[in-house]
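The data block below is entry.cif; it holds mmCIF, C-alpha atoms.
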```cif
data_protein
#
loop_
_atom_site.group_PDB
_atom_site.id
_atom_site.type_symbol
_atom_site.label_atom_id
_atom_site.label_comp_id
_atom_site.auth_asym_id
_atom_site.auth_seq_id
_atom_site.Cartn_x
_atom_site.Cartn_y
_atom_site.Cartn_z
ATOM 1 C CA MET A 1 -19.515 10.461 2.041
ATOM 2 C CA SER A 2 -17.033 7.654 1.432
ATOM 3 C CA ILE A 3 -14.978 6.151 -1.353
ATOM 4 C CA ILE A 4 -15.674 2.467 -0.888
ATOM 5 C CA GLY A 5 -13.366 0.237 -2.874
ATOM 6 C CA PHE A 6 -10.342 1.386 -4.813
ATOM 7 C CA ARG A 7 -11.619 0.768 -8.345
ATOM 8 C CA GLY A 8 -12.413 2.830 -11.402
ATOM 9 C CA PRO A 9 -11.343 6.457 -10.905
ATOM 10 C CA TYR A 10 -10.045 5.538 -7.435
ATOM 11 C CA ARG A 11 -7.837 2.667 -8.589
ATOM 12 C CA PHE A 12 -4.797 4.829 -7.822
ATOM 13 C CA LEU A 13 -5.517 4.301 -4.095
ATOM 14 C CA SER A 14 -4.932 0.554 -4.434
ATOM 15 C CA ASN A 15 -1.531 -0.897 -3.628
ATOM 16 C CA PHE A 16 -1.902 -2.792 -6.918
ATOM 17 C CA HIS A 17 -1.879 0.461 -8.941
ATOM 18 C CA PRO A 18 1.326 1.005 -10.965
ATOM 19 C CA THR A 19 3.826 3.272 -9.209
ATOM 20 C CA PRO A 20 6.859 3.430 -11.500
ATOM 21 C CA ASN A 21 8.546 6.158 -9.450
ATOM 22 C CA LEU A 22 8.397 4.355 -6.098
ATOM 23 C CA SER A 23 12.034 3.974 -5.023
ATOM 24 C CA LEU A 24 12.834 2.405 -1.680
ATOM 25 C CA LEU A 25 15.644 0.129 -0.426
ATOM 26 C CA SER A 26 17.647 0.650 -3.632
ATOM 27 C CA TYR A 27 14.830 -0.781 -5.769
ATOM 28 C CA ARG A 28 12.313 0.820 -8.082
ATOM 29 C CA TRP A 29 9.035 -0.943 -7.231
ATOM 30 C CA PRO A 30 6.336 -1.519 -9.879
ATOM 31 C CA THR A 31 3.629 -1.131 -7.219
ATOM 32 C CA ALA A 32 3.281 -0.380 -3.514
ATOM 33 C CA GLU A 33 2.244 -4.027 -3.088
ATOM 34 C CA HIS A 34 5.620 -5.179 -4.410
ATOM 35 C CA ALA A 35 7.449 -2.897 -1.962
ATOM 36 C CA TYR A 36 5.302 -3.837 1.036
ATOM 37 C CA GLN A 37 5.625 -7.583 0.407
ATOM 38 C CA ALA A 38 9.405 -7.335 0.031
ATOM 39 C CA MET A 39 9.702 -5.471 3.326
ATOM 40 C CA LYS A 40 8.417 -8.578 5.119
ATOM 41 C CA THR A 41 11.879 -10.115 4.829
ATOM 42 C CA GLU A 42 15.495 -9.125 5.303
ATOM 43 C CA ASP A 43 16.549 -11.587 2.589
ATOM 44 C CA VAL A 44 17.790 -9.386 -0.266
ATOM 45 C CA VAL A 45 17.480 -12.244 -2.771
ATOM 46 C CA ALA A 46 13.801 -12.677 -1.875
ATOM 47 C CA GLN A 47 13.299 -8.898 -2.035
ATOM 48 C CA SER A 48 14.806 -8.807 -5.517
ATOM 49 C CA HIS A 49 12.617 -11.718 -6.589
ATOM 50 C CA ILE A 50 9.507 -9.902 -5.335
ATOM 51 C CA CYS A 51 10.591 -6.710 -7.112
ATOM 52 C CA ARG A 52 10.715 -8.616 -10.406
ATOM 53 C CA ALA A 53 7.279 -10.224 -9.946
ATOM 54 C CA LYS A 54 5.201 -9.610 -13.072
ATOM 55 C CA THR A 55 2.073 -8.580 -11.179
ATOM 56 C CA PRO A 56 1.215 -7.271 -7.722
ATOM 57 C CA GLY A 57 -0.778 -10.460 -7.159
ATOM 58 C CA GLU A 58 2.348 -12.497 -7.800
ATOM 59 C CA ALA A 59 4.309 -10.227 -5.439
ATOM 60 C CA LYS A 60 1.669 -10.812 -2.767
ATOM 61 C CA ARG A 61 1.904 -14.594 -3.228
ATOM 62 C CA LEU A 62 5.697 -14.449 -3.007
ATOM 63 C CA GLY A 63 5.437 -12.335 0.152
ATOM 64 C CA ARG A 64 3.493 -15.138 1.813
ATOM 65 C CA CYS A 65 6.446 -17.507 1.324
ATOM 66 C CA VAL A 66 9.362 -15.436 2.627
ATOM 67 C CA ALA A 67 11.157 -15.796 5.946
ATOM 68 C CA MET A 68 9.471 -13.052 7.953
ATOM 69 C CA ARG A 69 11.683 -10.478 9.579
ATOM 70 C CA SER A 70 11.663 -10.487 13.361
ATOM 71 C CA GLY A 71 8.863 -8.353 14.779
ATOM 72 C CA TRP A 72 7.012 -8.094 11.456
ATOM 73 C CA LEU A 73 3.514 -8.088 12.938
ATOM 74 C CA GLU A 74 4.427 -5.208 15.231
ATOM 75 C CA MET A 75 6.023 -3.145 12.453
ATOM 76 C CA ARG A 76 3.706 -3.813 9.505
ATOM 77 C CA LEU A 77 1.559 -0.707 10.022
ATOM 78 C CA ASN A 78 4.615 1.542 10.073
ATOM 79 C CA VAL A 79 6.042 -0.213 7.038
ATOM 80 C CA MET A 80 2.777 0.388 5.174
ATOM 81 C CA ARG A 81 2.906 4.063 6.203
ATOM 82 C CA LEU A 82 6.424 4.284 4.787
ATOM 83 C CA VAL A 83 5.466 2.596 1.512
ATOM 84 C CA VAL A 84 2.363 4.777 1.093
ATOM 85 C CA ASP A 85 4.407 7.914 1.889
ATOM 86 C CA PHE A 86 6.877 6.994 -0.843
ATOM 87 C CA LYS A 87 4.079 6.122 -3.291
ATOM 88 C CA PHE A 88 2.480 9.539 -2.912
ATOM 89 C CA GLN A 89 5.715 11.409 -3.519
ATOM 90 C CA ASP A 90 4.733 10.990 -7.158
ATOM 91 C CA PRO A 91 3.212 14.388 -8.091
ATOM 92 C CA THR A 92 0.356 12.924 -10.145
ATOM 93 C CA LEU A 93 -0.674 10.442 -7.461
ATOM 94 C CA ARG A 94 -0.280 13.113 -4.784
ATOM 95 C CA ALA A 95 -2.647 15.451 -6.659
ATOM 96 C CA LEU A 96 -5.200 12.652 -7.074
ATOM 97 C CA LEU A 97 -5.034 11.841 -3.368
ATOM 98 C CA LEU A 98 -5.559 15.491 -2.464
ATOM 99 C CA GLU A 99 -8.581 15.625 -4.801
ATOM 100 C CA THR A 100 -10.319 13.149 -2.483
ATOM 101 C CA ALA A 101 -10.674 16.126 -0.094
ATOM 102 C CA ASN A 102 -12.026 14.900 3.265
ATOM 103 C CA ILE A 103 -13.841 11.879 1.905
ATOM 104 C CA GLN A 104 -13.490 8.721 4.004
ATOM 105 C CA LEU A 105 -11.390 6.104 2.170
ATOM 106 C CA VAL A 106 -12.477 2.504 2.692
ATOM 107 C CA GLU A 107 -10.466 -0.436 1.336
ATOM 108 C CA TRP A 108 -13.506 -2.604 0.672
ATOM 109 C CA ASN A 109 -12.779 -6.152 -0.439
ATOM 110 C CA VAL A 110 -14.330 -9.565 -0.970
ATOM 111 C CA TRP A 111 -11.247 -11.596 -0.007
ATOM 112 C CA GLN A 112 -12.000 -11.231 3.721
ATOM 113 C CA ASP A 113 -9.102 -8.945 4.582
ATOM 114 C CA THR A 114 -10.427 -7.303 7.715
ATOM 115 C CA PHE A 115 -7.062 -5.959 8.853
ATOM 116 C CA TRP A 116 -6.190 -3.737 5.879
ATOM 117 C CA GLY A 117 -9.750 -3.305 4.682
ATOM 118 C CA VAL A 118 -13.419 -4.027 5.210
ATOM 119 C CA CYS A 119 -15.295 -7.117 4.067
ATOM 120 C CA ARG A 120 -19.057 -7.440 4.471
ATOM 121 C CA GLY A 121 -19.088 -4.410 6.741
ATOM 122 C CA ILE A 122 -16.438 -5.789 9.098
ATOM 123 C CA GLY A 123 -12.851 -4.625 9.289
ATOM 124 C CA GLU A 124 -10.246 -2.266 10.665
ATOM 125 C CA ASN A 125 -9.618 -0.471 7.331
ATOM 126 C CA ASN A 126 -5.979 0.158 8.198
ATOM 127 C CA LEU A 127 -4.991 0.887 4.583
ATOM 128 C CA GLY A 128 -7.815 3.415 4.288
ATOM 129 C CA LYS A 129 -6.728 5.036 7.561
ATOM 130 C CA ILE A 130 -3.098 5.228 6.398
ATOM 131 C CA LEU A 131 -4.169 6.807 3.110
ATOM 132 C CA MET A 132 -6.212 9.421 4.989
ATOM 133 C CA GLU A 133 -3.267 10.078 7.357
ATOM 134 C CA THR A 134 -0.975 10.499 4.356
ATOM 135 C CA ARG A 135 -3.432 12.888 2.706
ATOM 136 C CA GLN A 136 -3.488 14.989 5.893
ATOM 137 C CA LYS A 137 0.315 15.008 6.175
ATOM 138 C CA ILE A 138 0.588 16.196 2.562
ATOM 139 C CA ARG A 139 -1.878 19.004 3.280
ATOM 140 C CA GLU A 140 0.085 20.048 6.354
ATOM 141 C CA GLY A 141 3.396 19.789 4.495
ATOM 142 C CA THR A 142 4.846 17.322 6.996
#
```
Translate the structure of the given file into structure tokens.
Amino acid sequence: MSIIGFRGPYRFLSNFHPTPNLSLLSYRWPTAEHAYQAMKTEDVVAQSHICRAKTPGEAKRLGRCVAMRSGWLEMRLNVMRLVVDFKFQDPTLRALLLETANIQLVEWNVWQDTFWGVCRGIGENNLGKILMETRQKIREGT
């Protein structure tokens, strides 16, 4: 059994879901997407601008325009792990994640993101894998 696509009752799995308690790098991020996009750069002005983006979609667009930090491609998986770990420190979100039990989590999409998700049956599903890793770490108390 799988949860395919982070919509409806599983919207909380999406990086676009509101996360008002996500604090990282001295900012309180509206969503995990905001935090992840800001981590692409070391420019604190750009990070602040991304933090204030009105929507996660706007934060994502802004993240495409920043001066990338050195080694970003090599560190992006670990940065996503960090952001997701902080997101699920929220007790409500943590409980919802644990309720997914051992179900496979698949970040299905139509925008052809085959690195973080799966599109038309093709993709690495790295966000889904990180969510499942996080769920396991919470269970183990690590």
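Interatomic distance, atom CA of A:Leu93 to atom CA of A:Asn21: 10.4 Å.
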Item to complete: For the file shown, report as a PyMOL selection string the outcome of the PyMOL selection byres ((chain A and resi 53) around 12) at residue level.
Response: chain A and resi 29-31+33-35+37-38+46-52+54-63
Mind dumping the selected residues with C-alpha atoms as an mmCIF file, in the frame of the given file?
```
data_model
loop_
_atom_site.group_PDB
_atom_site.id
_atom_site.type_symbol
_atom_site.label_atom_id
_atom_site.label_comp_id
_atom_site.auth_asym_id
_atom_site.auth_seq_id
_atom_site.Cartn_x
_atom_site.Cartn_y
_atom_site.Cartn_z
ATOM 1 C CA TRP A 29 9.035 -0.943 -7.231
ATOM 2 C CA PRO A 30 6.336 -1.519 -9.879
ATOM 3 C CA THR A 31 3.629 -1.131 -7.219
ATOM 4 C CA GLU A 33 2.244 -4.027 -3.088
ATOM 5 C CA HIS A 34 5.620 -5.179 -4.410
ATOM 6 C CA ALA A 35 7.449 -2.897 -1.962
ATOM 7 C CA GLN A 37 5.625 -7.583 0.407
ATOM 8 C CA ALA A 38 9.405 -7.335 0.031
ATOM 9 C CA ALA A 46 13.801 -12.677 -1.875
ATOM 10 C CA GLN A 47 13.299 -8.898 -2.035
ATOM 11 C CA SER A 48 14.806 -8.807 -5.517
ATOM 12 C CA HIS A 49 12.617 -11.718 -6.589
ATOM 13 C CA ILE A 50 9.507 -9.902 -5.335
ATOM 14 C CA CYS A 51 10.591 -6.710 -7.112
ATOM 15 C CA ARG A 52 10.715 -8.616 -10.406
ATOM 16 C CA LYS A 54 5.201 -9.610 -13.072
ATOM 17 C CA THR A 55 2.073 -8.580 -11.179
ATOM 18 C CA PRO A 56 1.215 -7.271 -7.722
ATOM 19 C CA GLY A 57 -0.778 -10.460 -7.159
ATOM 20 C CA GLU A 58 2.348 -12.497 -7.800
ATOM 21 C CA ALA A 59 4.309 -10.227 -5.439
ATOM 22 C CA LYS A 60 1.669 -10.812 -2.767
ATOM 23 C CA ARG A 61 1.904 -14.594 -3.228
ATOM 24 C CA LEU A 62 5.697 -14.449 -3.007
ATOM 25 C CA GLY A 63 5.437 -12.335 0.152
#
```
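A straight line drawn from atom CA of A:Glu124 to atom CA of A:Asp90 is 26.8 Å long.
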Would you give the centre and edge lengths, in Å to one decimal, of a box along x, y and z around the listed atoms of stretch 34-51 of chain A, with 5 Å added to each side, as JSON?
```
{"center_x": 11.5, "center_y": -7.8, "center_z": -0.9, "size_x": 22.5, "size_y": 19.8, "size_z": 22.4}
```
Response to the item:
A:Cys119 proximity check over A:Met75, A:Pro20, A:Glu42, A:Glu107, using only C-alpha atoms: winner is A:Glu107
